[in-house]
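**Student:** I am attaching a structure below and will ask some questions about it afterwards.
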Amino acid sequence: MLLVDMMTILKVGIGMQNRLDRTKKEFREENCRISVNSMPREMLRMIFQKLEFKDLKNVMLVCRYWRSWGGDPILWRNFKMLCIRNPAYFVQILSIPRLSRIENITLDGLYKSWAKYNDSHFDFLRHTCVKVLEINGIADVSDVSPDILAKVVNKCEIVDLGCCLTQDQYYEIFEEMSKETNLKKFWMPDNVRNVPADILGAAVNNIEDVTLTDLTPYQILSIFMIMSKTSKTLHLNIHTAYLTHLPNSIFCSAVSKLKSLTASLDQYKMSSLMNNLSKGANLTYLHLGQSDLTQVQAGVLARGLVRVETVEMMWTGLDPKQIIELCLELVKDHSVMKHLHLNHDLTGVPVDILARAINQLETAGILMCPVTEEQTIRIFTEMSNKTNIKRINYNDLRAPLIMPGLGKVGQDTLAKAINKLEDVLIHIGEADNEISPDQVLAILQRSSVETNLKRVGIFNGGYILPDNAVVEQASRKISNFLMK
């Protein structure tokens, strides 16, 4: 009898313990289930901020609560508004609450007769939060009063005026710009040659980032004279501007204050600029457009170029002697160049000189440059030992790593070299200028242990790598890994 009672008590105790465990588990599960709507509003807004606008629109259809938060004007302020319908709808659309703080607006139209804007439209714009304004050719703003248009333009931070404004409108815009403006980036329209040189010069030098076009010699002279003394301009694009009549001394004095310059220059201005740069300057970016550099002394050119961090010379004229001199200068202590983009024949550069120069850079834009197999093998051998290089590309664009003799580089050497990069795009193939399946496998095996790679794209070209485990391990090690 005592045994039965004890067994009964034991069963009851076990049953109570099981129920207690289930209750605790249900309690924990219940507390883990948190309604999205019970989240703090700031957290919900942070989640919504990560969504694309098409998804944000769908969020607003879920419920009233989400509609109120999904329609927050702050979430929609970076929405790019393209106005192509009748301007009669313009104010109506921008009056929608969620668009009340929109910052990017493009005025366009399907037909000229449908896109006629007037003072009421721009007076409305003046009281919005717009920062980026683009006026396309179809948009007709000729009826807008010059003073109202000038106030809207100079209220913005980035403006593209198009080419259909009246001379009075241009005058008023630049007159106001010369006194005070919020503009930070501005593309000069083509037909502003009637704007007085002094007004245009003062206006341009009130803006950080400017692109100049077809201006008169007096306008160019005024802009550069003011820039050489006092200016807010840091970034200048004069690729299509004519500088023939501009004295070299004034040009160099103005450019010495810039951070970036895009220009196609003659040999005289190039020589003056390089001499100026070799003494030290603020310039960190130089795009030489279609400049013909062949008449610039090789030493002068090299000593100037290596004082700039980023240099683009894709479409310039360069001779072999200038390229060799640049490579020699690149490895010297005073060189600050990190990124170089070329489109020239490098086969005449001695193997060891080219290899050291390329590995001194962080970005080598040489994928379109003819090189020899011997040069390729030496570049990657040097890279496997010591290098600064992070990417090899084409004109700052991501392109497959294809170079003569690449398939002949030793597997271990190539694996060490590639894993010292940060970004690479590989096209698997059996050709001598492609990376072979065995080389890719060696690269990934090393990546799974130690690598600097952060972004990798591999196009298998129909080849199947034998070891999927290696691919999986490498993909876990590399933050941005794609193989297809």
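Scheme for the structure tokens: letters A, B, ... for chains in order shown; per-chain residue numbers from 1; ligand numbers from 1 in order shown.
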At most 10 Å is the cut-off: for each residue in segment 161-238 of chain A with any atom that close to an atom of segment 256-262 of chain A, write down the nearest atom pair and the distance in Å rounded to one decimal, counting only C-alpha atoms, chain first then increasing number, as a Markdown table.

**Tutor:**
| residue | atom | partner | partner_atom | distance |
| --- | --- | --- | --- | --- |
| A:Glu208 | CA | A:Leu258 | CA | 9.5 |
| A:Asp209 | CA | A:Ser260 | CA | 9.1 |
| A:Thr211 | CA | A:Thr262 | CA | 9.0 |
| A:Met227 | CA | A:Lys257 | CA | 8.1 |
| A:Ser228 | CA | A:Lys257 | CA | 7.5 |
| A:Lys229 | CA | A:Lys257 | CA | 9.2 |
| A:Thr230 | CA | A:Lys257 | CA | 9.1 |
| A:Ser231 | CA | A:Lys257 | CA | 8.5 |
| A:Lys232 | CA | A:Leu258 | CA | 9.3 |
| A:Thr233 | CA | A:Leu258 | CA | 6.9 |
| A:Leu234 | CA | A:Leu258 | CA | 4.5 |
| A:His235 | CA | A:Ser260 | CA | 4.8 |
| A:Leu236 | CA | A:Leu261 | CA | 5.1 |
| A:Asn237 | CA | A:Thr262 | CA | 4.5 |
| A:Ile238 | CA | A:Thr262 | CA | 6.0 |

**Student:** Near segment 303-314 of chain A, within 6 Å and counting only C-alpha atoms, which residues show up once chain neighbours fewer than 2 positions away are dropped, as a CSV table (one decimal) with N, CA and C atoms, in the first residue's frame?

**Tutor:**
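Once written, out00.csv looks like this:
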chain,number,residue,atom,x,y,z
A,274,MET,N,52.3,71.2,-64.9
A,274,MET,CA,53.2,70.1,-64.3
A,274,MET,C,54.3,70.8,-63.5
A,277,LEU,N,52.7,71.8,-60.3
A,277,LEU,CA,52.3,70.7,-59.4
A,277,LEU,C,53.6,70.1,-58.7
A,278,SER,N,54.7,70.1,-59.4
A,278,SER,CA,55.9,69.5,-58.9
A,278,SER,C,56.4,70.2,-57.7
A,284,THR,N,44.1,67.0,-55.9
A,284,THR,CA,44.1,65.5,-55.6
A,284,THR,C,43.5,64.7,-56.7
A,285,TYR,N,42.8,65.3,-57.7
A,285,TYR,CA,42.2,64.6,-58.8
A,285,TYR,C,42.5,65.3,-60.1
A,286,LEU,N,43.0,64.6,-61.1
A,286,LEU,CA,43.3,65.3,-62.4
A,286,LEU,C,42.8,64.4,-63.5
A,287,HIS,N,41.9,64.9,-64.3
A,287,HIS,CA,41.4,64.1,-65.5
A,287,HIS,C,41.9,65.0,-66.7
A,288,LEU,N,42.7,64.4,-67.5
A,288,LEU,CA,43.3,65.2,-68.6
A,288,LEU,C,42.6,65.0,-69.9
A,300,VAL,N,59.4,66.5,-66.7
A,300,VAL,CA,58.4,67.5,-66.2
A,300,VAL,C,57.1,66.9,-66.0
A,301,LEU,N,56.6,66.2,-66.9
A,301,LEU,CA,55.3,65.5,-66.9
A,301,LEU,C,55.2,64.5,-65.7
A,316,THR,N,44.6,60.6,-73.6
A,316,THR,CA,45.7,61.5,-73.9
A,316,THR,C,46.7,60.9,-74.8
A,335,SER,N,56.3,60.6,-54.3
A,335,SER,CA,55.0,60.3,-55.0
A,335,SER,C,53.9,60.1,-54.1
A,336,VAL,N,52.7,60.7,-54.4
A,336,VAL,CA,51.5,60.5,-53.6
A,336,VAL,C,50.4,59.9,-54.5
A,337,MET,N,50.8,59.5,-55.7
A,337,MET,CA,49.8,58.9,-56.6
A,337,MET,C,49.3,57.6,-56.1
A,338,LYS,N,48.0,57.4,-56.1
A,338,LYS,CA,47.4,56.1,-55.6
A,338,LYS,C,46.5,55.4,-56.7
A,339,HIS,N,46.0,56.3,-57.6
A,339,HIS,CA,45.0,55.7,-58.6
A,339,HIS,C,45.4,56.3,-59.9
A,340,LEU,N,45.7,55.3,-60.9
A,340,LEU,CA,46.1,55.7,-62.2
A,340,LEU,C,45.3,55.0,-63.2
A,341,HIS,N,44.8,55.7,-64.2
A,341,HIS,CA,44.0,55.1,-65.3
A,341,HIS,C,44.6,55.4,-66.6
A,342,LEU,N,45.0,54.4,-67.4
A,342,LEU,CA,45.7,54.5,-68.6
A,342,LEU,C,45.0,53.7,-69.7
A,343,ASN,N,45.3,54.1,-71.0
A,343,ASN,CA,44.8,53.3,-72.1
A,343,ASN,C,45.9,53.4,-73.2

**Student:** Just the residues within 12 Å of Asn480 of chain A, please, counting only C-alpha atoms, with nothing from its chain fewer than 5 positions along; format it as a list in words.

**Tutor:**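 Listed by chain and then number, they are Glu422, Asp423, Val424, Leu425, Asn452, Leu453, Lys454, Arg455, Val456, Gly457, Ile458, Ala474 and Ser475 of chain A.
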
**Student:** So how far away is atom CA of Thr294 of chain A from atom CA of Tyr268 of chain A, in Å?

**Tutor:** 11.5 Å

**Student:** Tell me, which residues of segment 31-67 of chain A carry DSSP alpha helix (DSSP H), written as a VMD selection string?

**Tutor:** chain A and resid 31 to 32 41 to 49 53 to 59 64 to 67

**Student:** I'd like the contact shell of Ala302 of chain A - 12 Å cut-off, only C-alpha atoms, skipping same-chain residues fewer than 4 positions apart - returned as a PyMOL selection string.

**Tutor:** chain A and resi 270-271+273-275+277-278+293+296-298+306-308+311+318+321-332+334-335+337

**Student:** Could those selected residues go to a file with N, CA, C and O atoms, as a CSV table (one decimal), in the first residue's frame?

**Tutor:**
chain,number,residue,atom,x,y,z
A,270,MET,N,49.9,72.5,-70.2
A,270,MET,CA,50.3,71.3,-69.5
A,270,MET,C,51.7,71.4,-68.8
A,270,MET,O,51.9,71.0,-67.7
A,271,SER,N,52.6,72.0,-69.6
A,271,SER,CA,54.0,72.1,-69.0
A,271,SER,C,54.0,73.1,-67.8
A,271,SER,O,54.6,72.8,-66.8
A,273,LEU,N,51.4,73.7,-65.9
A,273,LEU,CA,50.7,73.0,-64.8
A,273,LEU,C,51.6,72.0,-64.1
A,273,LEU,O,51.6,71.9,-62.9
A,274,MET,N,52.3,71.2,-64.9
A,274,MET,CA,53.2,70.1,-64.3
A,274,MET,C,54.3,70.8,-63.5
A,274,MET,O,54.6,70.3,-62.4
A,275,ASN,N,54.9,71.9,-64.0
A,275,ASN,CA,55.9,72.5,-63.2
A,275,ASN,C,55.4,73.1,-61.9
A,275,ASN,O,56.0,73.0,-60.8
A,277,LEU,N,52.7,71.8,-60.3
A,277,LEU,CA,52.3,70.7,-59.4
A,277,LEU,C,53.6,70.1,-58.7
A,277,LEU,O,53.5,69.7,-57.6
A,278,SER,N,54.7,70.1,-59.4
A,278,SER,CA,55.9,69.5,-58.9
A,278,SER,C,56.4,70.2,-57.7
A,278,SER,O,57.1,69.6,-56.8
A,293,LEU,N,49.9,65.1,-74.7
A,293,LEU,CA,51.0,65.3,-73.8
A,293,LEU,C,52.3,65.0,-74.5
A,293,LEU,O,53.4,65.2,-73.8
A,296,VAL,N,55.2,67.5,-74.1
A,296,VAL,CA,55.6,67.9,-72.7
A,296,VAL,C,56.8,67.0,-72.4
A,296,VAL,O,56.9,65.8,-72.5
A,297,GLN,N,57.8,67.7,-71.8
A,297,GLN,CA,59.1,67.0,-71.5
A,297,GLN,C,58.8,65.9,-70.5
A,297,GLN,O,58.0,66.1,-69.5
A,298,ALA,N,59.3,64.7,-70.7
A,298,ALA,CA,59.0,63.5,-69.9
A,298,ALA,C,59.2,63.7,-68.4
A,298,ALA,O,58.3,63.3,-67.6
A,306,VAL,N,52.9,62.7,-60.4
A,306,VAL,CA,53.0,61.9,-59.2
A,306,VAL,C,52.7,62.7,-57.9
A,306,VAL,O,52.6,62.1,-56.8
A,307,ARG,N,52.4,64.0,-58.1
A,307,ARG,CA,52.0,64.8,-56.9
A,307,ARG,C,50.5,64.9,-56.8
A,307,ARG,O,49.9,65.6,-55.9
A,308,VAL,N,49.8,64.1,-57.6
A,308,VAL,CA,48.3,64.0,-57.6
A,308,VAL,C,47.9,62.6,-57.2
A,308,VAL,O,48.4,61.7,-57.8
A,311,VAL,N,44.9,60.2,-61.1
A,311,VAL,CA,45.1,60.7,-62.4
A,311,VAL,C,44.4,59.8,-63.5
A,311,VAL,O,44.6,58.6,-63.5
A,318,LEU,N,50.5,59.9,-75.2
A,318,LEU,CA,51.7,59.7,-74.4
A,318,LEU,C,52.7,58.8,-75.2
A,318,LEU,O,52.3,57.9,-75.9
A,321,LYS,N,58.7,57.0,-73.8
A,321,LYS,CA,59.6,57.6,-72.9
A,321,LYS,C,58.9,58.2,-71.7
A,321,LYS,O,59.4,58.2,-70.6
A,322,GLN,N,57.8,58.9,-72.0
A,322,GLN,CA,57.0,59.5,-70.9
A,322,GLN,C,56.5,58.5,-69.9
A,322,GLN,O,56.4,58.7,-68.7
A,323,ILE,N,56.0,57.4,-70.5
A,323,ILE,CA,55.4,56.3,-69.6
A,323,ILE,C,56.5,55.7,-68.7
A,323,ILE,O,56.3,55.5,-67.5
A,324,ILE,N,57.7,55.5,-69.3
A,324,ILE,CA,58.8,54.9,-68.5
A,324,ILE,C,59.2,55.9,-67.4
A,324,ILE,O,59.4,55.5,-66.2
A,325,GLU,N,59.3,57.2,-67.7
A,325,GLU,CA,59.7,58.2,-66.7
A,325,GLU,C,58.6,58.3,-65.6
A,325,GLU,O,59.0,58.5,-64.4
A,326,LEU,N,57.3,58.2,-66.0
A,326,LEU,CA,56.3,58.2,-65.0
A,326,LEU,C,56.4,57.0,-64.0
A,326,LEU,O,56.3,57.1,-62.8
A,327,CYS,N,56.7,55.8,-64.6
A,327,CYS,CA,56.9,54.6,-63.8
A,327,CYS,C,58.0,54.7,-62.8
A,327,CYS,O,58.0,54.3,-61.6
A,328,LEU,N,59.1,55.3,-63.3
A,328,LEU,CA,60.3,55.5,-62.4
A,328,LEU,C,60.0,56.5,-61.3
A,328,LEU,O,60.4,56.3,-60.2
A,329,GLU,N,59.2,57.5,-61.6
A,329,GLU,CA,58.9,58.6,-60.6
A,329,GLU,C,57.9,58.1,-59.6
A,329,GLU,O,57.9,58.5,-58.4
A,330,LEU,N,57.1,57.1,-60.0
A,330,LEU,CA,56.0,56.6,-59.1
A,330,LEU,C,56.6,55.9,-57.9
A,330,LEU,O,55.9,55.9,-56.8
A,331,VAL,N,57.7,55.3,-58.0
A,331,VAL,CA,58.2,54.5,-56.9
A,331,VAL,C,59.1,55.4,-55.9
A,331,VAL,O,59.6,54.8,-54.9
A,332,LYS,N,59.2,56.6,-56.2
A,332,LYS,CA,60.0,57.5,-55.3
A,332,LYS,C,59.2,58.0,-54.1
A,332,LYS,O,58.0,58.0,-54.2
A,334,HIS,N,58.6,60.8,-52.8
A,334,HIS,CA,57.7,62.0,-52.9
A,334,HIS,C,56.4,61.8,-53.7
A,334,HIS,O,55.6,62.6,-53.7
A,335,SER,N,56.3,60.6,-54.3
A,335,SER,CA,55.0,60.3,-55.0
A,335,SER,C,53.9,60.1,-54.1
A,335,SER,O,54.0,59.3,-53.1
A,337,MET,N,50.8,59.5,-55.7
A,337,MET,CA,49.8,58.9,-56.6
A,337,MET,C,49.3,57.6,-56.1
A,337,MET,O,50.1,56.7,-55.7

**Student:** Near Leu149 of chain A, counting only C-alpha atoms, which residues have an atom at most 12 Å away, once you skip same-chain residues fewer than 5 positions from it, shown as a ChimeraX atom specification?

**Tutor:** /A:117-126,133,135,141-144,154-156,159,161,165-166,168-177

**Student:** Would you please work out which residue, of A:Leu482, A:Leu283, A:Leu99, A:Met46, is nearest to Val130 of chain A when using only C-alpha atoms?

**Tutor:**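 Once distances to Val130 of chain A are computed over only C-alpha atoms, the minimum belongs to A:Leu99.
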
**Student:** Hey, can you check how far atom CA of Ser448 of chain A sits from atom CA of Lys477 of chain A?

**Tutor:** 6.0 Å

**Student:** Between A:Asn58, A:Asn460, A:Ser222, A:Gln267, which has the minimum distance to Thr244 of chain A (counting only C-alpha atoms)?

**Tutor:**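 Smallest separation from Thr244 of chain A among the options: A:Gln267.
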
**Student:** Got a sec to tell me which of segment 65-144 of chain A DSSP assigns to strand (DSSP E or B), as a ChimeraX atom specification?

**Tutor:** /A:80-83,104-107,116,132-135,140

**Student:** Please provide the set of residues having any atom within 10 Å of Asn433 of chain A, restricted to only C-alpha atoms, with same-chain residues fewer than 5 positions apart removed, written as a PyMOL selection string.

**Tutor:** chain A and resi 373+376+401-408

**Student:** Lys269 of chain A: which residues within 9 Å, counting only C-alpha atoms, same-chain residues fewer than 3 positions away excluded, as an MDAnalysis selection string?

**Tutor:** chainID A and resid 243 247:248 251:252 265:266 272:274

**Student:** Restricting the calculation to only C-alpha atoms, which member of A:Asn182, A:Leu221, A:Leu212, A:Cys164 is positioned closest to Val152 of chain A?

**Tutor:**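 So, comparing all the options, the nearest one is A:Asn182.
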
**Student:** To one decimal place in Å, what is the distance between atom CA of Gly365 of chain A and atom CA of Ile392 of chain A?

**Tutor:**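 Atom CA of Gly365 of chain A sits 5.8 Å away from atom CA of Ile392 of chain A.
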